[in-house]
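Trainee: Provided below: model.txt, containing compact mmCIF, C-alpha atoms.
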# COMPACT_ATOMS: atom_id res chain seq x y z
CA MET A 1 12.86 59.11 -4.36
CA LEU A 2 13.59 58.39 -7.99
CA ASN A 3 10.84 59.49 -10.36
CA ILE A 4 10.15 57.76 -13.61
CA ALA A 5 7.71 59.16 -16.14
CA LYS A 6 4.33 57.51 -16.52
CA ILE A 7 3.89 55.18 -19.43
CA LYS A 8 1.09 55.76 -21.92
CA ASN A 9 0.11 52.30 -23.07
CA GLY A 10 1.86 49.23 -21.76
CA ILE A 11 2.57 47.03 -18.77
CA VAL A 12 4.00 47.51 -15.30
CA ILE A 13 5.39 44.39 -13.66
CA ASP A 14 5.39 45.25 -9.97
CA HIS A 15 6.20 43.57 -6.67
CA ILE A 16 9.03 41.53 -8.14
CA LYS A 17 11.17 40.07 -5.36
CA ALA A 18 14.31 42.21 -5.13
CA GLY A 19 17.02 40.57 -7.21
CA GLN A 20 14.63 38.66 -9.53
CA GLY A 21 13.95 41.60 -11.84
CA LEU A 22 16.97 41.08 -14.08
CA ARG A 23 15.91 37.51 -14.79
CA ILE A 24 12.47 38.67 -15.94
CA PHE A 25 14.01 41.56 -17.86
CA ASN A 26 16.27 39.13 -19.74
CA TRP A 27 13.55 36.50 -20.22
CA LEU A 28 11.33 39.13 -21.88
CA GLY A 29 14.27 40.19 -24.10
CA LEU A 30 13.84 43.78 -22.98
CA GLY A 31 17.53 44.63 -23.46
CA LYS A 32 16.89 44.81 -27.20
CA ALA A 33 13.44 46.40 -27.04
CA PRO A 34 12.84 49.24 -29.56
CA TYR A 35 10.47 50.97 -27.09
CA THR A 36 11.00 52.59 -23.69
CA VAL A 37 11.58 50.24 -20.75
CA ALA A 38 12.31 51.30 -17.20
CA PHE A 39 13.94 48.76 -14.91
CA VAL A 40 14.01 49.70 -11.25
CA VAL A 41 15.91 47.64 -8.72
CA ASN A 42 15.65 47.79 -4.93
CA ALA A 43 12.74 50.21 -4.88
CA GLU A 44 11.24 50.82 -1.45
CA SER A 45 8.10 48.86 -0.73
CA LYS A 46 5.84 48.97 2.33
CA ARG A 47 4.79 45.38 1.77
CA MET A 48 8.09 43.85 0.72
CA GLY A 49 10.78 46.13 2.07
CA ARG A 50 12.58 46.16 -1.27
CA LYS A 51 11.27 45.20 -4.69
CA ASP A 52 12.11 45.38 -8.39
CA ILE A 53 9.78 46.96 -10.98
CA ILE A 54 9.72 46.81 -14.78
CA LYS A 55 7.75 49.38 -16.77
CA ILE A 56 7.24 48.66 -20.45
CA ASP A 57 5.91 51.45 -22.66
CA ASN A 58 4.43 49.11 -25.22
CA GLU A 59 1.69 46.46 -25.44
CA ILE A 60 3.44 43.09 -25.37
CA THR A 61 2.24 39.55 -24.82
CA ILE A 62 3.56 37.88 -21.68
CA ASP A 63 3.17 34.23 -20.69
CA PHE A 64 1.75 34.70 -17.19
CA ALA A 65 2.31 31.00 -16.43
CA ILE A 66 6.07 31.42 -16.68
CA LEU A 67 5.94 34.72 -14.83
CA GLY A 68 3.93 33.00 -12.07
CA LEU A 69 6.52 30.25 -11.80
CA ILE A 70 9.34 32.77 -11.49
CA ASP A 71 7.50 34.66 -8.75
CA PRO A 72 3.79 34.12 -7.95
CA ASN A 73 3.70 37.31 -5.83
CA ILE A 74 4.22 39.57 -8.83
CA THR A 75 1.46 42.04 -9.81
CA VAL A 76 0.97 42.99 -13.45
CA ASN A 77 -0.74 46.31 -14.22
CA ILE A 78 -2.10 46.90 -17.70
CA ILE A 79 -1.89 50.61 -18.64
CA GLU A 80 -4.07 52.34 -21.22
CA ASN A 81 -3.91 56.11 -21.71
CA GLU A 82 -1.76 56.41 -18.61
CA GLN A 83 -4.44 54.72 -16.45
CA ILE A 84 -4.37 51.24 -14.85
CA THR A 85 -7.18 49.37 -16.59
CA GLU A 86 -6.44 45.92 -15.20
CA LYS A 87 -4.50 44.54 -12.23
CA ILE A 88 -3.46 40.92 -12.60
CA ARG A 89 -2.35 39.00 -9.52
CA LEU A 90 -0.30 36.03 -10.57
CA LYS A 91 -0.66 32.56 -9.14
CA LEU A 92 1.02 29.26 -9.83
CA PRO A 93 -0.46 27.71 -12.98
CA GLU A 94 -2.28 24.37 -12.58
CA ARG A 95 -0.49 22.88 -15.59
CA VAL A 96 2.73 23.84 -17.32
CA GLU A 97 4.14 22.46 -20.54
CA ASN A 98 7.83 22.57 -21.50
CA ILE A 99 8.59 25.06 -18.73
CA LEU A 100 9.66 22.71 -15.94
CA ILE A 101 11.86 19.89 -17.22
CA CYS A 102 11.73 16.38 -15.74
CA LYS A 103 15.14 15.38 -14.38
CA ASN A 104 14.25 11.74 -13.67
CA PRO A 105 16.55 9.64 -15.91
CA ARG A 106 13.96 6.84 -15.76
CA CYS A 107 11.21 9.07 -17.19
CA ILE A 108 10.08 8.46 -20.78
CA THR A 109 10.80 12.12 -21.57
CA ALA A 110 14.51 11.39 -21.03
CA THR A 111 14.63 9.24 -24.19
CA GLU A 112 11.62 10.26 -26.30
CA ARG A 113 12.69 13.84 -26.94
CA TYR A 114 9.53 14.90 -28.77
CA ALA A 115 7.41 14.18 -25.67
CA PRO A 116 6.35 17.46 -24.03
CA HIS A 117 7.39 17.91 -20.39
CA ILE A 118 4.04 18.37 -18.65
CA PHE A 119 3.76 19.13 -14.93
CA HIS A 120 0.69 19.52 -12.71
CA LEU A 121 0.52 21.60 -9.55
CA VAL A 122 0.12 19.38 -6.47
CA ASP A 123 1.01 21.70 -3.60
CA PRO A 124 0.59 25.46 -4.17
CA GLU A 125 1.99 26.34 -0.74
CA GLN A 126 5.25 24.51 -1.30
CA GLY A 127 5.23 25.16 -5.06
CA LEU A 128 5.38 21.45 -5.88
CA TYR A 129 4.64 20.08 -9.34
CA ARG A 130 4.29 16.46 -10.49
CA CYS A 131 5.51 15.11 -13.84
CA GLU A 132 2.52 13.80 -15.80
CA TYR A 133 4.49 10.76 -16.99
CA CYS A 134 6.60 9.53 -14.05
CA ASP A 135 5.07 11.40 -11.06
CA GLU A 136 8.50 12.79 -10.09
CA GLN A 137 7.99 15.98 -8.11
CA ARG A 138 9.76 19.26 -8.84
CA SER A 139 9.70 22.48 -6.93
CA THR A 140 9.33 25.92 -8.46
CA GLU A 141 12.51 26.71 -6.51
CA ASP A 142 14.35 24.55 -9.09
CA PHE A 143 12.98 26.81 -11.80
CA ARG A 144 13.84 30.10 -10.12
CA MET B 1 -18.35 0.92 -20.22
CA LEU B 2 -14.69 0.09 -20.73
CA LYS B 3 -14.81 -0.34 -24.51
CA GLY B 4 -12.00 1.54 -26.24
CA LYS B 5 -10.40 2.81 -23.01
CA HIS B 6 -6.68 2.76 -22.26
CA LEU B 7 -5.41 1.27 -18.99
CA VAL B 8 -2.25 3.15 -18.06
CA ASP B 9 -2.65 3.72 -14.34
CA PRO B 10 -4.93 1.81 -11.93
CA GLN B 11 -6.65 5.15 -11.23
CA ASP B 12 -8.02 4.97 -14.79
CA LEU B 13 -10.58 2.49 -13.46
CA HIS B 14 -13.37 3.49 -11.07
CA LEU B 15 -14.13 1.16 -8.17
CA ASP B 16 -17.28 -0.09 -9.89
CA GLU B 17 -15.25 -0.88 -13.02
CA LEU B 18 -12.71 -2.80 -10.92
CA ASP B 19 -15.61 -4.68 -9.38
CA GLN B 20 -17.09 -5.42 -12.81
CA LEU B 21 -13.77 -6.79 -14.08
CA CYS B 22 -13.36 -9.03 -11.03
CA ARG B 23 -16.93 -10.34 -11.41
CA LEU B 24 -16.40 -11.04 -15.11
CA ALA B 25 -13.11 -12.82 -14.31
CA GLU B 26 -14.93 -14.97 -11.78
CA GLN B 27 -17.62 -15.85 -14.35
CA ILE B 28 -14.96 -16.72 -16.94
CA GLN B 29 -13.13 -18.90 -14.42
CA LYS B 30 -16.35 -20.81 -13.66
CA ASN B 31 -17.48 -21.19 -17.24
CA GLN B 32 -14.52 -20.94 -19.61
CA SER B 33 -16.11 -22.71 -22.56
CA GLN B 34 -18.72 -19.96 -22.86
CA TYR B 35 -16.00 -17.42 -23.64
CA ARG B 36 -13.68 -19.37 -25.95
CA ASP B 37 -14.78 -17.70 -29.21
CA LEU B 38 -15.44 -14.25 -27.84
CA CYS B 39 -12.45 -12.59 -29.52
CA ARG B 40 -12.29 -14.61 -32.73
CA GLY B 41 -10.80 -12.46 -35.50
CA GLN B 42 -9.27 -9.96 -33.08
CA ILE B 43 -5.52 -9.41 -32.69
CA LEU B 44 -3.61 -8.53 -29.54
CA ALA B 45 -0.13 -6.98 -29.95
CA THR B 46 2.25 -7.63 -27.06
CA LEU B 47 5.17 -5.18 -27.19
CA PHE B 48 7.71 -6.07 -24.51
CA PHE B 49 10.65 -3.68 -24.43
CA GLU B 50 11.74 -5.36 -21.20
CA PRO B 51 11.87 -9.09 -20.35
CA SER B 52 8.77 -10.72 -18.94
CA THR B 53 7.60 -14.25 -18.56
CA ARG B 54 4.31 -14.37 -16.77
CA THR B 55 2.77 -11.04 -17.75
CA ARG B 56 3.39 -11.58 -21.46
CA LEU B 57 2.45 -15.26 -21.41
CA SER B 58 -0.56 -14.51 -19.25
CA PHE B 59 -1.83 -11.91 -21.73
CA GLU B 60 -1.16 -14.17 -24.69
CA ALA B 61 -2.81 -17.14 -22.96
CA ALA B 62 -5.77 -14.91 -22.09
CA MET B 63 -6.23 -13.79 -25.72
CA LEU B 64 -5.78 -17.31 -27.11
CA ARG B 65 -8.34 -18.67 -24.62
CA LEU B 66 -10.77 -16.04 -25.87
CA GLY B 67 -10.27 -17.28 -29.44
CA GLY B 68 -8.18 -14.31 -30.61
CA SER B 69 -4.62 -14.13 -31.97
CA CYS B 70 -1.40 -12.51 -30.77
CA LEU B 71 1.60 -10.88 -32.40
CA GLY B 72 4.47 -8.82 -31.05
CA PHE B 73 7.99 -9.00 -29.69
CA ALA B 74 9.52 -10.14 -26.43
CA GLU B 75 12.59 -7.92 -26.54
CA PRO B 76 13.35 -4.64 -28.32
CA SER B 77 16.40 -6.03 -30.17
CA SER B 78 14.02 -7.94 -32.46
CA SER B 79 12.02 -4.83 -33.40
CA SER B 80 12.53 -1.50 -35.21
CA VAL B 81 13.28 0.06 -31.85
CA ALA B 82 16.80 -1.34 -32.28
CA LYS B 83 17.04 0.85 -35.42
CA GLY B 84 16.20 3.92 -33.37
CA GLU B 85 12.47 4.18 -34.11
CA SER B 86 10.54 6.41 -31.73
CA LEU B 87 7.92 4.92 -29.42
CA ALA B 88 5.29 7.12 -31.08
CA ASP B 89 6.03 5.67 -34.53
CA THR B 90 6.13 2.08 -33.24
CA ILE B 91 2.74 2.53 -31.59
CA ARG B 92 1.09 4.22 -34.60
CA THR B 93 2.31 1.40 -36.84
CA VAL B 94 1.26 -1.44 -34.54
CA ALA B 95 -2.14 0.19 -33.95
CA ALA B 96 -2.72 -0.22 -37.69
CA TYR B 97 -2.26 -4.01 -37.37
CA ALA B 98 -3.80 -4.89 -34.02
CA ASP B 99 -7.03 -4.29 -32.11
CA MET B 100 -5.30 -3.75 -28.79
CA ILE B 101 -1.76 -3.16 -27.57
CA VAL B 102 -0.21 -4.48 -24.38
CA MET B 103 3.13 -2.84 -23.67
CA ARG B 104 5.92 -3.16 -21.15
CA ASN B 105 8.67 -0.56 -21.26
CA PRO B 106 11.52 0.22 -18.84
CA LYS B 107 10.78 3.95 -18.90
CA GLU B 108 8.30 5.48 -16.48
CA GLY B 109 5.34 7.04 -18.25
CA ALA B 110 5.95 5.11 -21.48
CA ALA B 111 2.42 3.70 -21.54
CA LEU B 112 0.88 7.14 -21.09
CA LEU B 113 2.91 8.49 -24.00
CA ALA B 114 2.00 5.44 -26.11
CA SER B 115 -1.70 5.91 -25.38
CA ARG B 116 -1.51 9.42 -26.87
CA TYR B 117 -0.41 8.00 -30.24
CA SER B 118 -2.65 4.93 -30.37
CA SER B 119 -5.99 4.53 -32.09
CA VAL B 120 -6.60 1.24 -30.22
CA PRO B 121 -6.63 0.54 -26.46
CA VAL B 122 -3.19 0.51 -24.82
CA VAL B 123 -2.67 -1.52 -21.66
CA ASN B 124 0.30 -0.80 -19.45
CA ALA B 125 2.03 -4.08 -18.62
CA GLY B 126 4.64 -2.26 -16.54
CA ASP B 127 6.40 1.08 -17.12
CA GLY B 128 9.73 0.91 -15.33
CA GLY B 129 9.38 1.22 -11.58
CA HIS B 130 6.16 3.17 -11.94
CA HIS B 131 2.90 1.25 -12.43
CA HIS B 132 1.61 -2.21 -13.28
CA PRO B 133 -2.19 -1.95 -13.30
CA THR B 134 -2.96 -5.47 -14.55
CA GLN B 135 -0.91 -6.94 -11.70
CA THR B 136 -3.16 -4.85 -9.44
CA LEU B 137 -6.23 -6.43 -11.05
CA THR B 138 -4.63 -9.82 -10.38
CA ASP B 139 -3.90 -8.90 -6.76
CA LEU B 140 -7.40 -7.53 -6.18
CA LEU B 141 -9.04 -10.65 -7.59
CA THR B 142 -6.78 -12.83 -5.43
CA ILE B 143 -7.56 -10.87 -2.25
CA ARG B 144 -11.27 -10.79 -3.09
CA GLN B 145 -11.39 -14.55 -3.75
CA LEU B 146 -9.26 -15.65 -0.80
CA ARG B 147 -10.17 -13.05 1.85
CA GLY B 148 -13.71 -12.39 0.62
CA THR B 149 -13.27 -8.60 0.67
CA THR B 150 -10.96 -5.79 -0.36
CA GLU B 151 -12.01 -3.56 2.55
CA GLY B 152 -11.04 -3.32 6.22
CA LEU B 153 -7.70 -5.09 5.76
CA THR B 154 -4.26 -4.44 7.17
CA VAL B 155 -1.93 -4.92 4.23
CA GLY B 156 1.85 -5.17 4.61
CA PHE B 157 4.09 -4.40 1.66
CA CYS B 158 7.61 -5.74 2.07
CA GLY B 159 10.83 -5.36 0.06
CA ASP B 160 11.55 -2.87 -2.71
CA LEU B 161 8.81 -0.30 -2.24
CA ARG B 162 10.69 2.42 -4.10
CA PHE B 163 10.95 0.79 -7.51
CA GLY B 164 8.26 -1.87 -6.99
CA ARG B 165 5.66 -0.84 -9.56
CA THR B 166 3.23 -3.53 -8.40
CA VAL B 167 3.39 -2.02 -4.91
CA HIS B 168 2.70 1.50 -6.18
CA SER B 169 -0.31 0.41 -8.20
CA LEU B 170 -1.81 -1.81 -5.49
CA THR B 171 -1.25 0.76 -2.73
CA GLU B 172 -3.00 3.48 -4.71
CA THR B 173 -5.88 1.14 -5.49
CA LEU B 174 -6.40 -0.35 -2.02
CA ALA B 175 -6.30 3.20 -0.65
CA ARG B 176 -9.58 3.82 -2.48
CA TYR B 177 -11.39 1.03 -0.61
CA LYS B 178 -12.86 1.58 2.86
CA ASN B 179 -10.96 1.11 6.11
CA ASN B 180 -7.75 -0.41 4.77
CA LYS B 181 -4.53 0.17 6.70
CA MET B 182 -1.05 -0.15 5.24
CA VAL B 183 2.29 -1.15 6.68
CA PHE B 184 5.36 -0.44 4.54
CA ILE B 185 8.31 -2.65 5.38
CA SER B 186 11.54 -1.76 3.59
CA PRO B 187 15.15 -0.76 4.08
CA PRO B 188 15.51 3.06 4.22
CA GLU B 189 16.87 3.20 0.64
CA LEU B 190 13.81 1.48 -0.79
CA LYS B 191 10.98 3.31 0.95
CA ILE B 192 7.62 4.00 -0.70
CA PRO B 193 7.88 7.19 -2.86
CA ASP B 194 6.68 10.49 -1.45
CA TYR B 195 4.20 11.02 -4.28
CA ILE B 196 2.21 8.04 -3.05
CA LYS B 197 2.28 9.23 0.56
CA THR B 198 1.33 12.81 -0.29
CA GLY B 199 -1.03 11.64 -3.04
CA ALA B 200 -3.25 8.56 -2.67
CA LEU B 201 -2.55 7.91 1.02
CA ALA B 202 -3.10 11.50 2.14
CA LYS B 203 -6.09 12.04 -0.13
CA ASN B 204 -7.87 8.95 1.18
CA ARG B 205 -6.71 9.53 4.77
CA ILE B 206 -5.14 6.10 4.96
CA GLU B 207 -3.56 5.08 8.24
CA TYR B 208 -0.07 3.77 7.51
CA ARG B 209 3.28 3.20 9.15
CA GLU B 210 6.78 2.52 7.90
CA THR B 211 9.28 0.12 9.42
CA ASP B 212 12.34 -1.86 8.42
CA ARG B 213 11.45 -4.88 10.60
CA LEU B 214 9.08 -7.47 9.17
CA GLU B 215 8.98 -9.50 12.42
CA ALA B 216 7.74 -6.47 14.37
CA VAL B 217 4.51 -6.18 12.36
CA MET B 218 3.88 -9.74 11.18
CA GLY B 219 1.11 -10.43 13.69
CA ASP B 220 -0.92 -7.40 12.57
CA LEU B 221 -1.22 -8.32 8.91
CA ASP B 222 -4.19 -9.73 6.98
CA VAL B 223 -2.30 -9.62 3.67
CA LEU B 224 1.47 -9.72 3.21
CA TYR B 225 2.66 -8.54 -0.20
CA MET B 226 6.28 -9.63 -0.70
CA THR B 227 8.39 -8.18 -3.51
CA ARG B 228 11.74 -8.86 -5.12
CA VAL B 229 14.57 -6.34 -5.06
CA GLN B 230 14.96 -5.79 -8.80
CA ARG B 231 18.51 -5.73 -10.16
CA GLU B 232 17.34 -3.92 -13.33
CA ARG B 233 16.19 -0.85 -11.36
CA PHE B 234 19.64 -0.10 -9.87
CA PHE B 235 22.25 2.03 -11.59
CA ASN B 236 24.80 0.72 -9.06
CA GLU B 237 25.41 -3.05 -8.70
CA GLU B 238 26.88 -2.62 -5.20
CA ASP B 239 23.60 -1.18 -3.90
CA TYR B 240 21.71 -4.11 -5.38
CA VAL B 241 24.00 -6.70 -3.79
CA ARG B 242 23.75 -4.99 -0.40
CA LEU B 243 19.93 -4.86 -0.47
CA LYS B 244 18.84 -7.95 -2.37
CA ASP B 245 18.57 -10.30 0.62
CA PHE B 246 17.40 -7.74 3.15
CA TYR B 247 14.20 -9.73 3.75
CA ILE B 248 13.79 -13.47 3.52
CA LEU B 249 10.39 -14.77 4.59
CA ASP B 250 10.63 -18.24 6.15
CA ASN B 251 8.53 -20.47 8.41
CA GLU B 252 10.23 -19.06 11.52
CA LYS B 253 9.12 -15.51 10.68
CA LEU B 254 5.58 -16.73 10.01
CA LYS B 255 5.18 -18.13 13.55
CA THR B 256 3.56 -14.92 14.80
CA ALA B 257 1.38 -14.43 11.69
CA LYS B 258 -2.40 -14.66 11.72
CA LYS B 259 -3.92 -18.01 10.73
CA ASP B 260 -5.93 -16.40 7.94
CA LEU B 261 -3.07 -14.29 6.57
CA ILE B 262 -2.54 -14.55 2.83
CA ILE B 263 0.95 -14.11 1.32
CA LEU B 264 1.05 -12.61 -2.15
CA HIS B 265 4.00 -12.06 -4.48
CA PRO B 266 3.84 -10.72 -8.05
CA LEU B 267 6.59 -13.21 -9.03
CA PRO B 268 9.25 -13.95 -10.13
CA ARG B 269 10.62 -14.79 -6.72
CA VAL B 270 14.35 -14.92 -6.10
CA ASN B 271 15.37 -15.31 -2.42
CA GLU B 272 12.78 -13.23 -0.60
CA ILE B 273 10.48 -16.17 0.15
CA ALA B 274 12.14 -19.43 1.23
CA MET B 275 10.83 -22.44 -0.71
CA GLU B 276 9.70 -24.05 2.57
CA VAL B 277 6.94 -21.40 2.75
CA ASP B 278 5.36 -22.73 -0.47
CA ALA B 279 3.79 -25.62 1.46
CA ASP B 280 2.07 -23.23 3.89
CA PRO B 281 -1.61 -22.83 2.91
CA ARG B 282 -1.27 -19.09 3.49
CA ALA B 283 1.17 -18.86 0.55
CA VAL B 284 -1.13 -18.05 -2.38
CA TYR B 285 1.27 -16.65 -4.99
CA PHE B 286 0.85 -19.46 -7.47
CA ALA B 287 -2.94 -19.26 -7.26
CA GLN B 288 -2.46 -15.52 -7.76
CA ALA B 289 -0.69 -16.16 -11.09
CA LYS B 290 -3.72 -18.15 -12.29
CA TYR B 291 -6.16 -15.44 -11.26
CA GLY B 292 -4.01 -13.11 -13.36
CA MET B 293 -4.93 -14.89 -16.55
CA TYR B 294 -8.67 -14.79 -15.82
CA VAL B 295 -8.68 -11.13 -14.96
CA ARG B 296 -6.68 -10.34 -18.14
CA MET B 297 -9.30 -12.28 -20.14
CA ALA B 298 -11.93 -10.08 -18.51
CA LEU B 299 -9.94 -6.95 -19.28
CA ILE B 300 -9.30 -7.82 -22.95
CA ALA B 301 -12.95 -8.69 -23.51
CA SER B 302 -14.11 -5.49 -21.81
CA LEU B 303 -11.71 -3.12 -23.61
CA LEU B 304 -12.61 -4.71 -26.95
CA GLY B 305 -16.28 -4.32 -26.05
CA VAL B 306 -17.18 -7.98 -26.60
CA ALA B 307 -18.23 -8.73 -23.02
CA SER B 308 -19.25 -6.92 -19.91
CA CYS B 309 -20.50 -7.95 -16.52
What does this structure look like when you write it as structure tokens?
Mentor:
Amino acid sequence: MLNIAKIKNGIVIDHIKAGQGLRIFNWLGLGKAPYTVAFVVNAESKRMGRKDIIKIDNEITIDFAILGLIDPNITVNIIENEQITEKIRLKLPERVENILICKNPRCITATERYAPHIFHLVDPEQGLYRCEYCDEQRSTEDFR
Amino acid sequence: MLKGKHLVDPQDLHLDELDQLCRLAEQIQKNQSQYRDLCRGQILATLFFEPSTRTRLSFEAAMLRLGGSCLGFAEPSSSSVAKGESLADTIRTVAAYADMIVMRNPKEGAALLASRYSSVPVVNAGDGGHHHPTQTLTDLLTIRQLRGTTEGLTVGFCGDLRFGRTVHSLTETLARYKNNKMVFISPPELKIPDYIKTGALAKNRIEYRETDRLEAVMGDLDVLYMTRVQRERFFNEEDYVRLKDFYILDNEKLKTAKKDLIILHPLPRVNEIAMEVDADPRAVYFAQAKYGMYVRMALIASLLGVASC
């Protein structure tokens, strides 16, 4: 078993589906981080079999809506003085803006570029979202 | 109270507001002279980014009959849009001149976007293949007047159900009334969109079926809503040519229809209803066009806050 030192103050992004960790790592720009980051791939997990984990030894702001879209099963642990002070279970956000992009060429957002792409969650089980303007549906699978 | 509201999607109106508008339209129809100066001094802007005959003329006739005035354009080439102006800027400018904006645009969701930039009520007169709420008001008033109710009906929608905005709006609205059943008759390529099936139909537990054969369901229908296959919605001309005459309603097909069936069509008609059907008393599409003007008078007066029922 690989051991990684505890972090003092920061965030642990746990239960990432194996293989998705690099995407989150890159999205958070952690490759250029001036603080300690541990990125574990294919860690053993009782619940998931294999999982990825990211440990960030710094307090950073994360958009949980985007993180939820990438993988709603992720757990985020907030660490203060080496203790977990908060466990955040992600879920699909009810409304997302400029995260999912409408692909319908007939949608007003295709021509009026300043219009924000707004989607509303219609089916959490299937991860389906509906464009606020044209009602076109998009799946979170398209985003992942 | 409808004063100052936008009408983008038929769902913007509660059932009691739909009822109020229909009742006001009926009062206006019975007693037009009482309403002829109601909108004196008010201006209606009609912005048509896509061709229209009856919707635009119907709105303009409605405003003129209420004593108001109209300005606007009938095609985008005669406006600043041709110079590349954004919809947001066009709307903000026109809202400074007019008391209400009626807009048709080929893009889906255009009216919703416009409403976000307008300080005056915006009415969606058709946004691509998406919605056409004032046609729905017209259809509701027609059904209410000629069938006496908007509940407990079996309504058949036939033709282009994929891009037919009038179908989308009316389906979602009739789904909110009690005990209506729907039959969707279309070729496989032009089926009703999933968002309507998983949305309004599922939410209201509406019993519906889909078929490609009009003859097979004709005898079950209380209302038949025919639609045109719209050339302007196709990116591929070949698909349009293949599908345009898929359904042609004629006297032969009507032989199994109920005696009290009513046949609606948002117009314009091309080939989907043979002219011989016009003489059948069940064909009510021209009466429907007239109801459209009265219900638009009711809508204008209500959104401007000068009349209510």
Trainee: Show which residues sit within 8 Å of A:Arg106, as a list of chain:residue names. Count all atoms listed in the file, and ignore same-chain residues fewer than 2 positions away.
Mentor: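 Once the adjacent positions are removed, what remains is A:Asn104, A:Ile108, A:Ala110, B:Pro106, B:Lys107, B:Glu108, B:Gly128.
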Trainee: Select, as a PyMOL selection string, those residues of chain A with any atom no more than 9 Å from chain B (distances computed using all atoms listed in the file).
Mentor: chain A and resi 105-112+115+122+130+132-137
Trainee: Produce a file of the selected residues containing C-alpha atoms, as a short mmCIF file (atom, residue, chain, number, x, y, z; two decimals), in the coordinates of the input.
Mentor:
data_model
loop_
_atom_site.label_atom_id
_atom_site.label_comp_id
_atom_site.auth_asym_id
_atom_site.auth_seq_id
_atom_site.Cartn_x
_atom_site.Cartn_y
_atom_site.Cartn_z
CA PRO A 105 16.55 9.64 -15.91
CA ARG A 106 13.96 6.84 -15.76
CA CYS A 107 11.21 9.07 -17.19
CA ILE A 108 10.08 8.46 -20.78
CA THR A 109 10.80 12.12 -21.57
CA ALA A 110 14.51 11.39 -21.03
CA THR A 111 14.63 9.24 -24.19
CA GLU A 112 11.62 10.26 -26.30
CA ALA A 115 7.41 14.18 -25.67
CA VAL A 122 0.12 19.38 -6.47
CA ARG A 130 4.29 16.46 -10.49
CA GLU A 132 2.52 13.80 -15.80
CA TYR A 133 4.49 10.76 -16.99
CA CYS A 134 6.60 9.53 -14.05
CA ASP A 135 5.07 11.40 -11.06
CA GLU A 136 8.50 12.79 -10.09
CA GLN A 137 7.99 15.98 -8.11
#
Trainee: Would you please work out which residue, of A:Leu90, A:Ile78, A:Leu128, A:Ile13, is nearest to A:Glu59 when using only C-alpha atoms?
Mentor: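 So, comparing all the options, the nearest one is A:Ile78.
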Trainee: Which of these, B:Tyr117, B:Tyr177, B:Tyr225, B:Tyr285, has the shortest distance to B:Asp160 once you count all atoms listed in the file?
Mentor: B:Tyr225
Trainee: Calculate how many Å separate atom CA of A:Asp123 from atom CA of B:Leu161, rounding to one decimal.
Mentor: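 Straight-line distance from atom CA of A:Asp123 to atom CA of B:Leu161 works out to 23.4 Å.
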Trainee: Considering all atoms listed in the file, state which residue in the set A:Cys102, A:Ile88, A:Val76, A:Ile60 is at the smallest distance from A:Cys131.
Mentor: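 Nearest to A:Cys131: A:Cys102.
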Trainee: Please measure the separation of atom CA of B:Met1 and atom CA of B:Ser308, giving the value in Å to one decimal.
Mentor: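 Interatomic distance here is 7.9 Å.
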Trainee: With all atoms listed in the file as the counted atoms, please give the residues lying no more than 12 Å from B:Lys259, apart from itself and same-chain residues fewer than 3 positions off, as number ranges by chain.
Mentor: B: 147, 218-223, 254-256, 262-263, 280-283
Trainee: Rounded to one decimal, what separation in Å do you get between atom CA of B:Ile185 and atom CA of B:Asp239?
Mentor: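 Atom-to-atom, atom CA of B:Ile185 and atom CA of B:Asp239 are spaced 17.9 Å apart.
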Trainee: Which neighbours of B:Ser302 fall inside 12 Å, counting all atoms listed in the file, when residues of the same chain fewer than 5 positions from it are skipped, and could you give them as a list in words?
Mentor: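 With the cut-off at 12 Å, the set is Met1, Leu2, Lys3, Gly4, Lys5, His6, Leu7, Glu17, Leu18, Gln20, Leu21, Cys22, Arg23, Leu24, Ala25, Leu38, Cys39, Leu66, Met100, Pro121, Val295, Arg296, Met297, Ala307, Ser308 and Cys309 of chain B.
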Trainee: Could the residues in this selection be saved with C-alpha atoms as an mmCIF file, in the coordinates of the input?
Mentor:
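The resulting file, again-v9.cif, is shown below:
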data_model
loop_
_atom_site.group_PDB
_atom_site.id
_atom_site.type_symbol
_atom_site.label_atom_id
_atom_site.label_comp_id
_atom_site.auth_asym_id
_atom_site.auth_seq_id
_atom_site.Cartn_x
_atom_site.Cartn_y
_atom_site.Cartn_z
ATOM 1 C CA MET B 1 -18.350 0.920 -20.220
ATOM 2 C CA LEU B 2 -14.690 0.090 -20.730
ATOM 3 C CA LYS B 3 -14.810 -0.340 -24.510
ATOM 4 C CA GLY B 4 -12.000 1.540 -26.240
ATOM 5 C CA LYS B 5 -10.400 2.810 -23.010
ATOM 6 C CA HIS B 6 -6.680 2.760 -22.260
ATOM 7 C CA LEU B 7 -5.410 1.270 -18.990
ATOM 8 C CA GLU B 17 -15.250 -0.880 -13.020
ATOM 9 C CA LEU B 18 -12.710 -2.800 -10.920
ATOM 10 C CA GLN B 20 -17.090 -5.420 -12.810
ATOM 11 C CA LEU B 21 -13.770 -6.790 -14.080
ATOM 12 C CA CYS B 22 -13.360 -9.030 -11.030
ATOM 13 C CA ARG B 23 -16.930 -10.340 -11.410
ATOM 14 C CA LEU B 24 -16.400 -11.040 -15.110
ATOM 15 C CA ALA B 25 -13.110 -12.820 -14.310
ATOM 16 C CA LEU B 38 -15.440 -14.250 -27.840
ATOM 17 C CA CYS B 39 -12.450 -12.590 -29.520
ATOM 18 C CA LEU B 66 -10.770 -16.040 -25.870
ATOM 19 C CA MET B 100 -5.300 -3.750 -28.790
ATOM 20 C CA PRO B 121 -6.630 0.540 -26.460
ATOM 21 C CA VAL B 295 -8.680 -11.130 -14.960
ATOM 22 C CA ARG B 296 -6.680 -10.340 -18.140
ATOM 23 C CA MET B 297 -9.300 -12.280 -20.140
ATOM 24 C CA ALA B 307 -18.230 -8.730 -23.020
ATOM 25 C CA SER B 308 -19.250 -6.920 -19.910
ATOM 26 C CA CYS B 309 -20.500 -7.950 -16.520
#
